[in-house]
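Peer 1: Structure file protein35.cif (mmCIF, C-alpha atoms) right here:
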```
data_work
loop_
_atom_site.label_atom_id
_atom_site.label_comp_id
_atom_site.auth_asym_id
_atom_site.auth_seq_id
_atom_site.Cartn_x
_atom_site.Cartn_y
_atom_site.Cartn_z
CA MET T 1328 28.40 0.24 6.50
CA LYS T 1329 29.33 1.25 2.96
CA ILE T 1330 27.15 -0.18 0.20
CA ARG T 1331 28.99 -2.81 -1.83
CA THR T 1332 26.35 -4.36 -4.12
CA ILE T 1333 22.72 -4.02 -5.18
CA GLU T 1334 20.82 -6.93 -6.73
CA LEU T 1335 17.30 -7.02 -8.16
CA PHE T 1336 14.87 -9.94 -8.32
CA ARG T 1337 11.67 -9.92 -10.37
CA VAL T 1338 9.49 -12.46 -8.58
CA PRO T 1339 5.89 -13.62 -9.01
CA PRO T 1340 3.15 -12.70 -8.76
CA ARG T 1341 4.11 -9.07 -9.64
CA TRP T 1342 6.89 -7.89 -7.33
CA LEU T 1343 10.44 -6.57 -7.53
CA PHE T 1344 12.80 -7.21 -4.61
CA LEU T 1345 16.06 -5.40 -3.97
CA LYS T 1346 18.99 -6.86 -2.00
CA MET T 1347 21.59 -4.40 -0.72
CA THR T 1348 24.83 -5.69 0.79
CA THR T 1349 27.42 -3.66 2.68
CA GLU T 1350 31.18 -4.12 2.60
CA SER T 1351 30.93 -5.74 6.05
CA GLY T 1352 28.30 -8.23 4.82
CA ILE T 1353 25.11 -6.77 6.31
CA VAL T 1354 22.15 -7.41 4.01
CA GLY T 1355 19.08 -5.21 3.65
CA TRP T 1356 15.97 -5.85 1.57
CA GLY T 1357 13.61 -3.44 -0.15
CA GLU T 1358 10.59 -3.68 -2.44
CA PRO T 1359 10.74 -1.10 -5.24
CA ILE T 1360 7.87 -1.69 -7.61
CA VAL T 1361 5.25 0.00 -9.71
CA GLU T 1362 2.73 -2.72 -10.42
CA GLY T 1363 2.97 -3.46 -14.14
CA ARG T 1364 6.22 -1.49 -14.56
CA ALA T 1365 8.78 -3.74 -12.85
CA GLU T 1366 11.37 -3.51 -15.62
CA THR T 1367 11.05 0.26 -15.82
CA VAL T 1368 11.68 0.64 -12.08
CA ALA T 1369 14.60 -1.81 -12.30
CA ALA T 1370 16.15 0.33 -15.06
CA CYS T 1371 15.77 3.42 -12.86
CA ILE T 1372 17.57 1.69 -9.98
CA ARG T 1373 20.40 0.63 -12.29
CA GLU T 1374 20.80 4.29 -13.31
CA MET T 1375 20.98 5.26 -9.63
CA GLU T 1376 23.39 2.47 -8.67
CA PRO T 1377 26.66 4.34 -9.38
CA LEU T 1378 25.56 7.04 -6.90
CA LEU T 1379 24.99 4.40 -4.21
CA ILE T 1380 27.98 2.08 -4.38
CA GLY T 1381 30.47 3.13 -1.69
CA LYS T 1382 27.94 5.33 0.11
CA ARG T 1383 27.25 4.76 3.82
CA ALA T 1384 24.01 2.78 4.15
CA GLY T 1385 23.12 4.68 7.33
CA GLU T 1386 22.92 8.05 5.56
CA ILE T 1387 19.25 7.64 4.69
CA GLU T 1388 18.10 11.27 4.64
CA ASP T 1389 21.11 12.38 2.63
CA THR T 1390 20.51 9.57 0.11
CA PHE T 1391 16.87 10.59 -0.29
CA GLN T 1392 17.90 14.21 -0.86
CA MET T 1393 20.58 13.17 -3.36
CA LEU T 1394 18.39 10.84 -5.41
CA TYR T 1395 15.30 13.06 -5.30
CA ARG T 1396 16.74 16.55 -5.62
CA SER T 1397 19.88 16.08 -7.70
CA GLY T 1398 17.79 15.30 -10.78
CA PHE T 1399 16.25 18.32 -12.50
CA TYR T 1400 12.96 16.41 -12.93
CA ARG T 1401 11.55 15.13 -9.66
CA GLY T 1402 8.86 12.81 -8.40
CA GLY T 1403 6.49 10.52 -10.23
CA PRO T 1404 5.82 6.84 -9.58
CA ILE T 1405 8.94 5.40 -11.23
CA LEU T 1406 11.52 7.58 -9.50
CA THR T 1407 9.90 7.54 -6.08
CA SER T 1408 9.23 3.78 -6.18
CA ALA T 1409 12.87 3.09 -7.06
CA LEU T 1410 13.90 5.44 -4.26
CA SER T 1411 11.46 3.74 -1.87
CA GLY T 1412 12.94 0.28 -2.30
CA ILE T 1413 16.48 1.59 -1.89
CA GLU T 1414 15.48 3.48 1.25
CA GLN T 1415 13.73 0.44 2.78
CA ALA T 1416 16.89 -1.65 2.31
CA MET T 1417 18.98 1.05 3.97
CA TRP T 1418 16.67 1.07 7.01
CA ASP T 1419 16.87 -2.73 7.14
CA ILE T 1420 20.66 -2.50 7.23
CA LYS T 1421 20.69 0.30 9.78
CA GLY T 1422 18.36 -1.58 12.11
CA LYS T 1423 20.47 -4.73 11.85
CA TYR T 1424 23.65 -2.71 12.48
CA PHE T 1425 22.23 -1.27 15.70
CA GLY T 1426 20.36 -4.46 16.63
CA ALA T 1427 16.96 -2.73 16.75
CA PRO T 1428 13.66 -2.75 14.82
CA VAL T 1429 13.24 0.28 12.57
CA TYR T 1430 10.45 1.71 14.73
CA GLU T 1431 12.92 1.98 17.63
CA LEU T 1432 15.07 4.24 15.44
CA LEU T 1433 12.01 6.37 14.56
CA GLY T 1434 11.10 7.23 18.15
CA GLY T 1435 9.99 3.90 19.57
CA LYS T 1436 6.72 2.02 19.55
CA ILE T 1437 3.45 3.59 20.60
CA ARG T 1438 1.36 0.40 20.19
CA ASP T 1439 1.83 -3.36 20.48
CA ARG T 1440 -0.37 -4.40 17.54
CA ILE T 1441 -2.35 -2.91 14.66
CA GLN T 1442 -5.56 -3.96 12.96
CA VAL T 1443 -5.27 -5.39 9.43
CA TYR T 1444 -7.88 -5.95 6.74
CA ARG T 1445 -8.33 -8.47 3.96
CA TRP T 1446 -9.38 -7.93 0.35
CA ILE T 1447 -12.50 -9.74 -0.88
CA GLY T 1448 -14.37 -9.97 -4.15
CA GLY T 1449 -11.73 -9.51 -6.86
CA ASP T 1450 -11.42 -6.92 -9.63
CA HIS T 1451 -15.03 -7.51 -10.62
CA PRO T 1452 -16.56 -7.75 -7.12
CA ARG T 1453 -18.61 -10.93 -6.78
CA ASP T 1454 -19.68 -13.36 -4.04
CA THR T 1455 -18.73 -10.84 -1.39
CA ALA T 1456 -20.96 -12.31 1.31
CA ASN T 1457 -19.26 -15.73 1.28
CA ALA T 1458 -15.84 -14.07 1.08
CA ALA T 1459 -16.69 -11.93 4.11
CA ARG T 1460 -17.78 -15.02 6.06
CA GLU T 1461 -14.47 -16.66 5.18
CA ALA T 1462 -12.53 -13.59 6.33
CA VAL T 1463 -14.35 -13.55 9.66
CA ALA T 1464 -13.67 -17.26 10.08
CA GLN T 1465 -9.97 -16.51 9.53
CA GLY T 1466 -10.08 -13.96 12.34
CA TYR T 1467 -10.28 -10.70 10.38
CA SER T 1468 -12.37 -7.88 11.77
CA ALA T 1469 -12.29 -5.72 8.62
CA VAL T 1470 -12.46 -6.24 4.84
CA LYS T 1471 -12.19 -4.15 1.69
CA MET T 1472 -13.85 -4.70 -1.66
CA ASN T 1473 -13.89 -3.03 -5.05
CA GLY T 1474 -17.13 -1.14 -5.39
CA THR T 1475 -18.06 -1.41 -9.04
CA ASP T 1476 -17.33 -2.86 -12.43
CA GLU T 1477 -16.21 -0.41 -15.14
CA LEU T 1478 -18.27 2.78 -15.30
CA ARG T 1479 -18.76 5.54 -17.81
CA TRP T 1480 -18.78 9.22 -16.73
CA VAL T 1481 -22.57 8.92 -16.43
CA ASP T 1482 -23.83 5.35 -16.32
CA SER T 1483 -26.80 3.20 -15.42
CA HIS T 1484 -27.90 3.45 -11.81
CA MET T 1485 -28.37 -0.32 -11.89
CA LYS T 1486 -24.59 -0.65 -11.55
CA LEU T 1487 -24.77 1.42 -8.37
CA TYR T 1488 -27.63 -0.69 -7.00
CA GLU T 1489 -25.48 -3.78 -7.59
CA THR T 1490 -22.77 -2.27 -5.38
CA VAL T 1491 -25.28 -1.56 -2.64
CA GLU T 1492 -26.65 -5.10 -2.88
CA ARG T 1493 -23.15 -6.56 -2.39
CA VAL T 1494 -22.55 -4.43 0.71
CA GLN T 1495 -26.01 -5.34 2.03
CA ALA T 1496 -25.19 -9.03 1.49
CA ILE T 1497 -22.07 -8.66 3.63
CA ARG T 1498 -24.00 -6.97 6.43
CA ASP T 1499 -26.68 -9.68 6.25
CA ALA T 1500 -24.04 -12.41 6.32
CA VAL T 1501 -21.79 -11.22 9.16
CA GLY T 1502 -23.63 -8.45 10.97
CA PRO T 1503 -22.75 -4.91 12.00
CA GLU T 1504 -19.42 -5.55 13.73
CA LEU T 1505 -17.29 -6.16 10.64
CA GLY T 1506 -15.49 -3.10 9.29
CA ILE T 1507 -16.22 -2.68 5.57
CA ALA T 1508 -14.28 -0.43 3.21
CA VAL T 1509 -15.44 0.08 -0.37
CA ASP T 1510 -12.78 1.04 -2.93
CA PHE T 1511 -14.17 3.11 -5.78
CA TYR T 1512 -10.65 2.75 -7.27
CA GLY T 1513 -10.99 5.96 -9.25
CA ARG T 1514 -13.44 4.10 -11.51
CA VAL T 1515 -16.34 6.31 -10.48
CA HIS T 1516 -16.61 9.86 -11.78
CA LYS T 1517 -17.96 12.62 -9.56
CA THR T 1518 -21.59 12.60 -10.66
CA MET T 1519 -21.96 8.87 -10.01
CA ALA T 1520 -19.69 8.99 -6.93
CA ARG T 1521 -21.92 11.49 -5.18
CA THR T 1522 -24.98 9.31 -5.77
CA LEU T 1523 -23.26 6.06 -4.77
CA MET T 1524 -21.88 7.47 -1.53
CA ARG T 1525 -25.36 8.61 -0.51
CA MET T 1526 -26.75 5.16 -1.33
CA LEU T 1527 -24.09 3.52 0.86
CA GLU T 1528 -24.61 5.74 3.91
CA PRO T 1529 -26.94 3.34 5.79
CA TYR T 1530 -24.23 0.64 5.91
CA GLN T 1531 -21.85 2.44 8.29
CA LEU T 1532 -18.75 1.95 6.14
CA MET T 1533 -15.26 2.20 7.60
CA PHE T 1534 -14.33 4.35 4.59
CA VAL T 1535 -14.75 4.85 0.87
CA GLU T 1536 -11.44 4.80 -0.99
CA GLU T 1537 -10.56 6.94 -4.01
CA PRO T 1538 -14.16 8.02 -4.67
CA VAL T 1539 -12.75 9.90 -7.67
CA LEU T 1540 -9.30 9.94 -9.23
CA CYS T 1541 -6.65 11.74 -7.19
CA GLU T 1542 -6.15 14.14 -10.13
CA ASN T 1543 -9.56 15.48 -9.14
CA GLU T 1544 -8.79 15.76 -5.43
CA GLU T 1545 -10.61 19.11 -5.20
CA GLU T 1546 -13.81 17.05 -5.55
CA PHE T 1547 -13.10 15.15 -2.32
CA LEU T 1548 -14.30 18.12 -0.29
CA GLU T 1549 -17.57 18.34 -2.21
CA LEU T 1550 -18.15 14.61 -1.77
CA ARG T 1551 -17.37 14.88 1.92
CA ARG T 1552 -19.94 17.66 2.27
CA SER T 1553 -22.60 15.53 0.62
CA SER T 1554 -21.97 12.33 2.62
CA ASN T 1555 -20.90 11.35 6.13
CA ILE T 1556 -18.81 8.36 4.99
CA PRO T 1557 -15.07 8.88 5.70
CA ILE T 1558 -12.99 9.40 2.54
CA ALA T 1559 -9.60 7.72 2.11
CA ALA T 1560 -7.08 8.39 -0.68
CA GLY T 1561 -3.39 8.67 -1.44
CA GLU T 1562 -2.02 5.47 -2.95
CA ARG T 1563 -1.26 7.36 -6.17
CA ASN T 1564 0.37 10.35 -4.46
CA PHE T 1565 4.14 10.53 -4.09
CA THR T 1566 6.26 12.20 -1.39
CA ARG T 1567 4.98 14.72 1.15
CA TRP T 1568 4.56 17.30 -1.62
CA GLY T 1569 2.02 15.03 -3.28
CA PHE T 1570 -0.07 15.09 -0.11
CA LYS T 1571 0.23 18.80 0.68
CA SER T 1572 -2.62 20.07 -1.49
CA MET T 1573 -4.81 17.07 -0.61
CA LEU T 1574 -4.55 17.95 3.07
CA LEU T 1575 -4.97 21.66 2.44
CA HIS T 1576 -8.14 21.06 0.41
CA GLY T 1577 -9.54 19.33 3.50
CA GLY T 1578 -11.51 16.63 1.71
CA VAL T 1579 -9.89 13.47 3.12
CA ASP T 1580 -10.31 11.80 6.49
CA ILE T 1581 -7.66 9.11 5.91
CA VAL T 1582 -4.47 9.27 3.85
CA GLN T 1583 -3.05 6.09 2.30
CA PRO T 1584 0.58 6.59 1.28
CA ASP T 1585 2.27 3.47 -0.11
CA VAL T 1586 5.70 2.77 1.40
CA SER T 1587 6.92 1.33 -1.92
CA HIS T 1588 5.76 4.34 -3.93
CA CYS T 1589 5.72 7.45 -1.75
CA GLY T 1590 9.47 7.67 -1.07
CA GLY T 1591 10.05 5.02 1.59
CA ILE T 1592 9.76 4.53 5.33
CA LEU T 1593 10.89 7.96 6.51
CA GLU T 1594 8.82 9.72 3.86
CA LEU T 1595 5.75 7.75 4.96
CA ARG T 1596 6.44 8.81 8.55
CA LYS T 1597 6.74 12.46 7.46
CA ILE T 1598 3.47 12.27 5.53
CA ALA T 1599 1.78 10.75 8.58
CA ALA T 1600 3.12 13.54 10.80
CA MET T 1601 1.87 16.14 8.34
CA ALA T 1602 -1.56 14.44 8.29
CA GLU T 1603 -1.63 14.43 12.09
CA THR T 1604 -1.51 18.23 12.10
CA PHE T 1605 -4.74 18.21 10.05
CA ASP T 1606 -6.37 15.62 12.37
CA VAL T 1607 -6.28 13.09 9.53
CA ALA T 1608 -5.74 9.35 10.07
CA VAL T 1609 -3.29 7.11 8.21
CA ALA T 1610 -3.95 3.67 6.69
CA PRO T 1611 -0.88 2.76 4.59
CA HIS T 1612 -1.61 1.25 1.20
CA CYS T 1613 0.02 -2.18 0.71
CA PRO T 1614 -1.36 -4.80 -1.71
CA LEU T 1615 2.27 -5.89 -2.23
CA GLY T 1616 4.81 -8.37 -0.87
CA PRO T 1617 6.35 -9.17 2.51
CA ILE T 1618 9.07 -6.52 2.46
CA ALA T 1619 6.62 -3.69 1.79
CA LEU T 1620 4.29 -5.00 4.49
CA ALA T 1621 7.10 -5.19 7.05
CA ALA T 1622 8.15 -1.64 6.16
CA CYS T 1623 4.56 -0.42 6.63
CA LEU T 1624 4.27 -2.12 10.00
CA GLN T 1625 7.49 -0.52 11.21
CA VAL T 1626 5.85 2.87 10.60
CA ASP T 1627 2.48 1.80 12.02
CA PHE T 1628 4.05 0.80 15.33
CA CYS T 1629 5.50 4.28 15.94
CA THR T 1630 2.79 6.47 14.35
CA PRO T 1631 -0.07 7.77 16.52
CA ASN T 1632 -2.59 8.37 13.72
CA ALA T 1633 -2.09 5.00 11.96
CA PHE T 1634 -5.24 2.96 12.60
CA ILE T 1635 -5.38 0.02 10.16
CA GLN T 1636 -3.04 -1.73 7.73
CA GLU T 1637 -3.74 -3.17 4.29
CA GLN T 1638 -2.02 -6.47 3.49
CA SER T 1639 -2.12 -8.87 0.56
CA ALA T 1640 -2.77 -12.28 2.15
CA GLY T 1641 -5.69 -13.72 0.20
CA ILE T 1642 -5.74 -10.96 -2.42
CA HIS T 1643 -6.76 -12.02 -5.92
CA TYR T 1644 -3.46 -10.92 -7.49
CA ASN T 1645 -1.39 -13.38 -5.44
CA GLU T 1646 -2.96 -16.67 -6.47
CA GLY T 1647 -0.29 -19.37 -6.26
CA TYR T 1648 2.37 -17.05 -4.81
CA ASP T 1649 1.55 -15.99 -1.28
CA LEU T 1650 3.75 -13.41 0.42
CA LEU T 1651 4.48 -15.87 3.25
CA HIS T 1652 6.35 -18.14 0.83
CA TYR T 1653 9.19 -15.63 0.65
CA LEU T 1654 9.87 -15.67 4.40
CA LYS T 1655 12.02 -18.06 6.41
CA ASP T 1656 9.72 -17.50 9.39
CA PRO T 1657 6.14 -16.82 8.18
CA SER T 1658 4.90 -16.69 11.78
CA VAL T 1659 5.91 -13.00 12.00
CA PHE T 1660 2.78 -12.24 9.98
CA GLN T 1661 0.38 -14.40 11.99
CA TYR T 1662 -2.65 -12.27 12.76
CA LYS T 1663 -4.48 -12.63 16.06
CA ASN T 1664 -8.10 -11.46 16.26
CA GLY T 1665 -7.58 -9.33 13.18
CA TYR T 1666 -4.36 -7.68 14.38
CA ALA T 1667 -0.72 -7.86 13.27
CA GLN T 1668 1.58 -8.27 16.24
CA LEU T 1669 4.65 -6.20 17.01
CA LEU T 1670 7.75 -7.10 14.97
CA THR T 1671 10.68 -7.44 17.34
CA LYS T 1672 13.64 -8.55 15.21
CA PRO T 1673 16.23 -5.99 14.02
CA GLY T 1674 15.74 -3.99 10.84
CA LEU T 1675 12.47 -4.62 9.05
CA GLY T 1676 11.83 -7.55 11.39
CA ILE T 1677 11.63 -10.29 8.74
CA GLU T 1678 14.06 -12.80 7.28
CA ILE T 1679 13.80 -13.26 3.53
CA ASP T 1680 14.31 -16.77 2.13
CA GLU T 1681 16.93 -15.82 -0.44
CA THR T 1682 17.11 -19.31 -1.92
CA TYR T 1683 13.40 -19.18 -2.70
CA VAL T 1684 13.70 -15.61 -4.03
CA ARG T 1685 16.44 -16.66 -6.46
CA LYS T 1686 14.38 -19.65 -7.57
CA MET T 1687 11.32 -17.48 -8.19
CA ASP T 1688 13.43 -14.91 -10.01
CA GLN T 1689 14.10 -17.61 -12.61
CA ILE T 1690 10.34 -17.80 -13.17
CA GLY T 1691 9.91 -14.02 -13.05
CA HIS T 1692 6.71 -12.33 -14.18
CA ASN T 1693 5.37 -10.05 -16.85
CA TRP T 1694 2.38 -8.72 -14.93
CA HIS T 1695 0.40 -5.83 -16.37
CA ASN T 1696 -2.94 -4.53 -15.26
CA PRO T 1697 -5.84 -5.28 -17.63
CA VAL T 1698 -7.05 -2.76 -20.18
CA TRP T 1699 -10.76 -2.15 -19.67
CA ARG T 1700 -13.15 -0.88 -22.33
CA ASP T 1701 -16.78 0.03 -22.05
CA ALA T 1702 -19.63 -1.28 -24.21
CA ASP T 1703 -18.85 1.36 -26.86
CA ASN T 1704 -15.14 0.29 -26.86
CA ALA T 1705 -13.92 3.48 -25.18
CA ILE T 1706 -11.14 3.09 -22.60
CA THR T 1707 -12.42 3.17 -19.04
CA GLU T 1708 -10.70 3.13 -15.63
CA TRP T 1709 -9.44 -0.21 -14.35
#
```
What does the file become when written as structure tokens?

Peer 2:
Amino acid sequence: MKIRTIELFRVPPRWLFLKMTTESGIVGWGEPIVEGRAETVAACIREMEPLLIGKRAGEIEDTFQMLYRSGFYRGGPILTSALSGIEQAMWDIKGKYFGAPVYELLGGKIRDRIQVYRWIGGDHPRDTANAAREAVAQGYSAVKMNGTDELRWVDSHMKLYETVERVQAIRDAVGPELGIAVDFYGRVHKTMARTLMRMLEPYQLMFVEEPVLCENEEEFLELRRSSNIPIAAGERNFTRWGFKSMLLHGGVDIVQPDVSHCGGILELRKIAAMAETFDVAVAPHCPLGPIALAACLQVDFCTPNAFIQEQSAGIHYNEGYDLLHYLKDPSVFQYKNGYAQLLTKPGLGIEIDETYVRKMDQIGHNWHNPVWRDADNAITEW
């Protein structure tokens, strides 16, 4: 099971795929990406490659320790995202070698399916009621939307009322059964966040995500004290050390590590176990491609405190390039009554259409997130 080659594919809409092949011909796939920094992550992987060629693909923990700890400077989105994609591919290979899904190698399944949610509304949330109706018609039982447009530190309350009106429109359109999450996306600073959360309390939200930037995680506890809406955060935290203080502060109800950023499958499982000791739920972040989604699901199926899974079908970033296009058998991601079903094939449980990947790599992408400015031309959070 020694690693022979590593190949990278920059594919639309904004993803980076990694193909790892062993000397015996077993292939594993990973998805190492920082959205908007694909080339930077690819360069990081190429720097790591000499340490990986000839190494046993089954030595996953040792590889994590080597790539993370052997550098004097540790962590950060580029390093841990590169490491995440490498680690995912190693798990894919190991599962295929033993003929078992990854969750079987992590202790075995504890559930047969997991709820998923769909994004609605776009970067600038609009027409959320019709989008929610469409999601329900497609069988989803939960949705997530961006809460606001760009906001200053202290801004007009009219922008907050507009958020409330969009949530009210969803409730009016589809009733009380639909789970609704509102992503503040770090766009809202604490003064406005406190007010907006109170305004949203009557709508029985599933959670509010990133009510303030994770750099200000000490504010989560204050926001939690002022509102009964569950708080979710963690997509911009890396490795278990990035979640330690968040859990110790006690301000989050749901952590959202991203399997393509946080350090990979095993690191996500460790973060989830750490969260379990604080009675905190897990909802892995995943607005990415099919490999990342499969990796998340492998963890969901063996993790007691995982309760819902983000996925990118229908998300506004993927227009023209759905994640199903990259699979030989898209039926593995068919959702029934709002739930993803158990993946049963070895490794990550999916089969990548390599011919299509290579074709799309010729198209490539140069995706970068937009730069937002306020009315006075000052930079604001996207």

Peer 1: Could you expand the PyMOL selection byres ((chain T and resi 1498) around 12) into the explicit residues it covers here, written as a PyMOL selection string?

Peer 2: chain T and resi 1455-1457+1459-1460+1469-1470+1491-1497+1499-1507+1527+1529-1532

Peer 1: What would the file look like if the residues just selected were written as an mmCIF file, keeping the file's coordinate frame with C-alpha atoms?

Peer 2:
```
data_model
loop_
_atom_site.group_PDB
_atom_site.id
_atom_site.type_symbol
_atom_site.label_atom_id
_atom_site.label_comp_id
_atom_site.auth_asym_id
_atom_site.auth_seq_id
_atom_site.Cartn_x
_atom_site.Cartn_y
_atom_site.Cartn_z
ATOM 1 C CA THR T 1455 -18.730 -10.840 -1.390
ATOM 2 C CA ALA T 1456 -20.960 -12.310 1.310
ATOM 3 C CA ASN T 1457 -19.260 -15.730 1.280
ATOM 4 C CA ALA T 1459 -16.690 -11.930 4.110
ATOM 5 C CA ARG T 1460 -17.780 -15.020 6.060
ATOM 6 C CA ALA T 1469 -12.290 -5.720 8.620
ATOM 7 C CA VAL T 1470 -12.460 -6.240 4.840
ATOM 8 C CA VAL T 1491 -25.280 -1.560 -2.640
ATOM 9 C CA GLU T 1492 -26.650 -5.100 -2.880
ATOM 10 C CA ARG T 1493 -23.150 -6.560 -2.390
ATOM 11 C CA VAL T 1494 -22.550 -4.430 0.710
ATOM 12 C CA GLN T 1495 -26.010 -5.340 2.030
ATOM 13 C CA ALA T 1496 -25.190 -9.030 1.490
ATOM 14 C CA ILE T 1497 -22.070 -8.660 3.630
ATOM 15 C CA ASP T 1499 -26.680 -9.680 6.250
ATOM 16 C CA ALA T 1500 -24.040 -12.410 6.320
ATOM 17 C CA VAL T 1501 -21.790 -11.220 9.160
ATOM 18 C CA GLY T 1502 -23.630 -8.450 10.970
ATOM 19 C CA PRO T 1503 -22.750 -4.910 12.000
ATOM 20 C CA GLU T 1504 -19.420 -5.550 13.730
ATOM 21 C CA LEU T 1505 -17.290 -6.160 10.640
ATOM 22 C CA GLY T 1506 -15.490 -3.100 9.290
ATOM 23 C CA ILE T 1507 -16.220 -2.680 5.570
ATOM 24 C CA LEU T 1527 -24.090 3.520 0.860
ATOM 25 C CA PRO T 1529 -26.940 3.340 5.790
ATOM 26 C CA TYR T 1530 -24.230 0.640 5.910
ATOM 27 C CA GLN T 1531 -21.850 2.440 8.290
ATOM 28 C CA LEU T 1532 -18.750 1.950 6.140
#
```

Peer 1: Can I get the residues of range 1578-1676 of chain T within 6 Å of range 1354-1368 of chain T, each with the closest pair of atoms and their distance in Å to one decimal, using all atoms listed in the file, sorted chain first then ascending number, as JSON lines?

Peer 2:
```
{"residue": "T:Ser1587", "atom": "CA", "partner": "T:Pro1359", "partner_atom": "CA", "distance": 5.6}
{"residue": "T:Ile1618", "atom": "CA", "partner": "T:Glu1358", "partner_atom": "CA", "distance": 5.9}
{"residue": "T:Ala1619", "atom": "CA", "partner": "T:Glu1358", "partner_atom": "CA", "distance": 5.8}
```

Peer 1: Expand the PyMOL selection byres ((chain T and resi 1623) around 9) into the individual residues it matches in the shown file, reporting them as a compact mmCIF listing (two decimals) with C-alpha atoms, in the frame of the given file.

Peer 2:
```txt
# COMPACT_ATOMS: atom_id res chain seq x y z
CA ASP T 1585 2.27 3.47 -0.11
CA VAL T 1586 5.70 2.77 1.40
CA ILE T 1592 9.76 4.53 5.33
CA LEU T 1595 5.75 7.75 4.96
CA PRO T 1611 -0.88 2.76 4.59
CA HIS T 1612 -1.61 1.25 1.20
CA CYS T 1613 0.02 -2.18 0.71
CA ILE T 1618 9.07 -6.52 2.46
CA ALA T 1619 6.62 -3.69 1.79
CA LEU T 1620 4.29 -5.00 4.49
CA ALA T 1621 7.10 -5.19 7.05
CA ALA T 1622 8.15 -1.64 6.16
CA LEU T 1624 4.27 -2.12 10.00
CA GLN T 1625 7.49 -0.52 11.21
CA VAL T 1626 5.85 2.87 10.60
CA ASP T 1627 2.48 1.80 12.02
CA PHE T 1628 4.05 0.80 15.33
CA GLN T 1636 -3.04 -1.73 7.73
```

Peer 1: What residues come out when you apply the PyMOL selection byres ((chain T and resi 1544-1549) around 7) to this file, written as a short mmCIF file (atom, residue, chain, number, x, y, z; two decimals) with C-alpha atoms, keeping the file's coordinate frame?

Peer 2:
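Okay, out_8.cif is ready:
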```cif
data_model
loop_
_atom_site.label_atom_id
_atom_site.label_comp_id
_atom_site.auth_asym_id
_atom_site.auth_seq_id
_atom_site.Cartn_x
_atom_site.Cartn_y
_atom_site.Cartn_z
CA LEU T 1540 -9.30 9.94 -9.23
CA CYS T 1541 -6.65 11.74 -7.19
CA GLU T 1542 -6.15 14.14 -10.13
CA ASN T 1543 -9.56 15.48 -9.14
CA LEU T 1550 -18.15 14.61 -1.77
CA ARG T 1551 -17.37 14.88 1.92
CA ARG T 1552 -19.94 17.66 2.27
CA SER T 1553 -22.60 15.53 0.62
CA MET T 1573 -4.81 17.07 -0.61
CA HIS T 1576 -8.14 21.06 0.41
CA GLY T 1577 -9.54 19.33 3.50
CA GLY T 1578 -11.51 16.63 1.71
CA VAL T 1579 -9.89 13.47 3.12
#
```

Peer 1: Which of these residues is nearest to Glu1374 in chain T, using only C-alpha atoms: T:Cys1589, T:Met1393, T:Ala1409, T:Leu1432?

Peer 2: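 The shortest atom-to-atom distance to Glu1374 in chain T comes from T:Ala1409.
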
Peer 1: CA of Gly1449 in chain T and CA of His1643 in chain T are how many Å apart?

Peer 2: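 Distance between the two atoms: 5.6 Å.
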
Peer 1: Tell me, as a ChimeraX atom specification, which residues lie within 6 Å of range 1420-1430 of chain T, counting all atoms listed in the file; anything in the same chain fewer than 5 positions away does not count.

Peer 2: /T:1355,1385,1435,1625,1629,1672-1674

Peer 1: Would you pick out the contacts of Arg1396 in chain T at 12 Å or less, using only C-alpha atoms, so that residues sharing its chain but fewer than 6 positions from it are not included, and give the list as a ChimeraX atom specification?

Peer 2: /T:1388-1390,1402,1406-1407,1410

Peer 1: Which of these, T:Thr1332, T:Thr1475, T:Asn1696, T:Gln1442, has the shortest distance to Ile1413 in chain T once you count only C-alpha atoms?

Peer 2: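 The answer is T:Thr1332, which sits nearest to Ile1413 in chain T.
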
Peer 1: Counting only C-alpha atoms, figure out which residue out of T:Asp1701, T:Glu1386, T:Glu1637, T:Asp1688 gets nearest to Tyr1467 in chain T.

Peer 2: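 Residue with the minimum atom-to-atom distance to Tyr1467 in chain T: T:Glu1637.
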
Peer 1: Could you tell me which of T:Gly1381, T:Gly1590, T:Gly1352, T:Pro1452 comes closest to Leu1394 in chain T if we count all atoms listed in the file?

Peer 2: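 Among T:Gly1381, T:Gly1590, T:Gly1352, T:Pro1452, it is T:Gly1590 that comes nearest to Leu1394 in chain T.
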
Peer 1: Any idea what the distance is between CA of Arg1401 in chain T and CA of Glu1603 in chain T?

Peer 2: 25.4 Å

Peer 1: Separation of CA of Gly1434 in chain T and CA of Phe1391 in chain T, in Å?

Peer 2: 19.6 Å

Peer 1: Considering all atoms listed in the file, return as a CSV table (one decimal) with C-alpha atoms, in the frame of the given file whatever protein or nucleic-acid residues lie within 10 Å of Gln1668 in chain T, sequence-local ones (same chain, fewer than 4 positions apart) excluded.

Peer 2:
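Final output, out.csv:
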```csv
chain,number,residue,atom,x,y,z
T,1438,ARG,CA,1.4,0.4,20.2
T,1439,ASP,CA,1.8,-3.4,20.5
T,1440,ARG,CA,-0.4,-4.4,17.5
T,1441,ILE,CA,-2.4,-2.9,14.7
T,1442,GLN,CA,-5.6,-4.0,13.0
T,1624,LEU,CA,4.3,-2.1,10.0
T,1628,PHE,CA,4.0,0.8,15.3
T,1659,VAL,CA,5.9,-13.0,12.0
T,1660,PHE,CA,2.8,-12.2,10.0
T,1661,GLN,CA,0.4,-14.4,12.0
T,1662,TYR,CA,-2.6,-12.3,12.8
T,1663,LYS,CA,-4.5,-12.6,16.1
```

Peer 1: Pick the closest to Asp1419 in chain T from T:Arg1373, T:Arg1596, T:Lys1346, T:Arg1567: which is it, counting all atoms listed in the file?

Peer 2: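 Counting all atoms listed in the file, the residue closest to Asp1419 in chain T is T:Lys1346.
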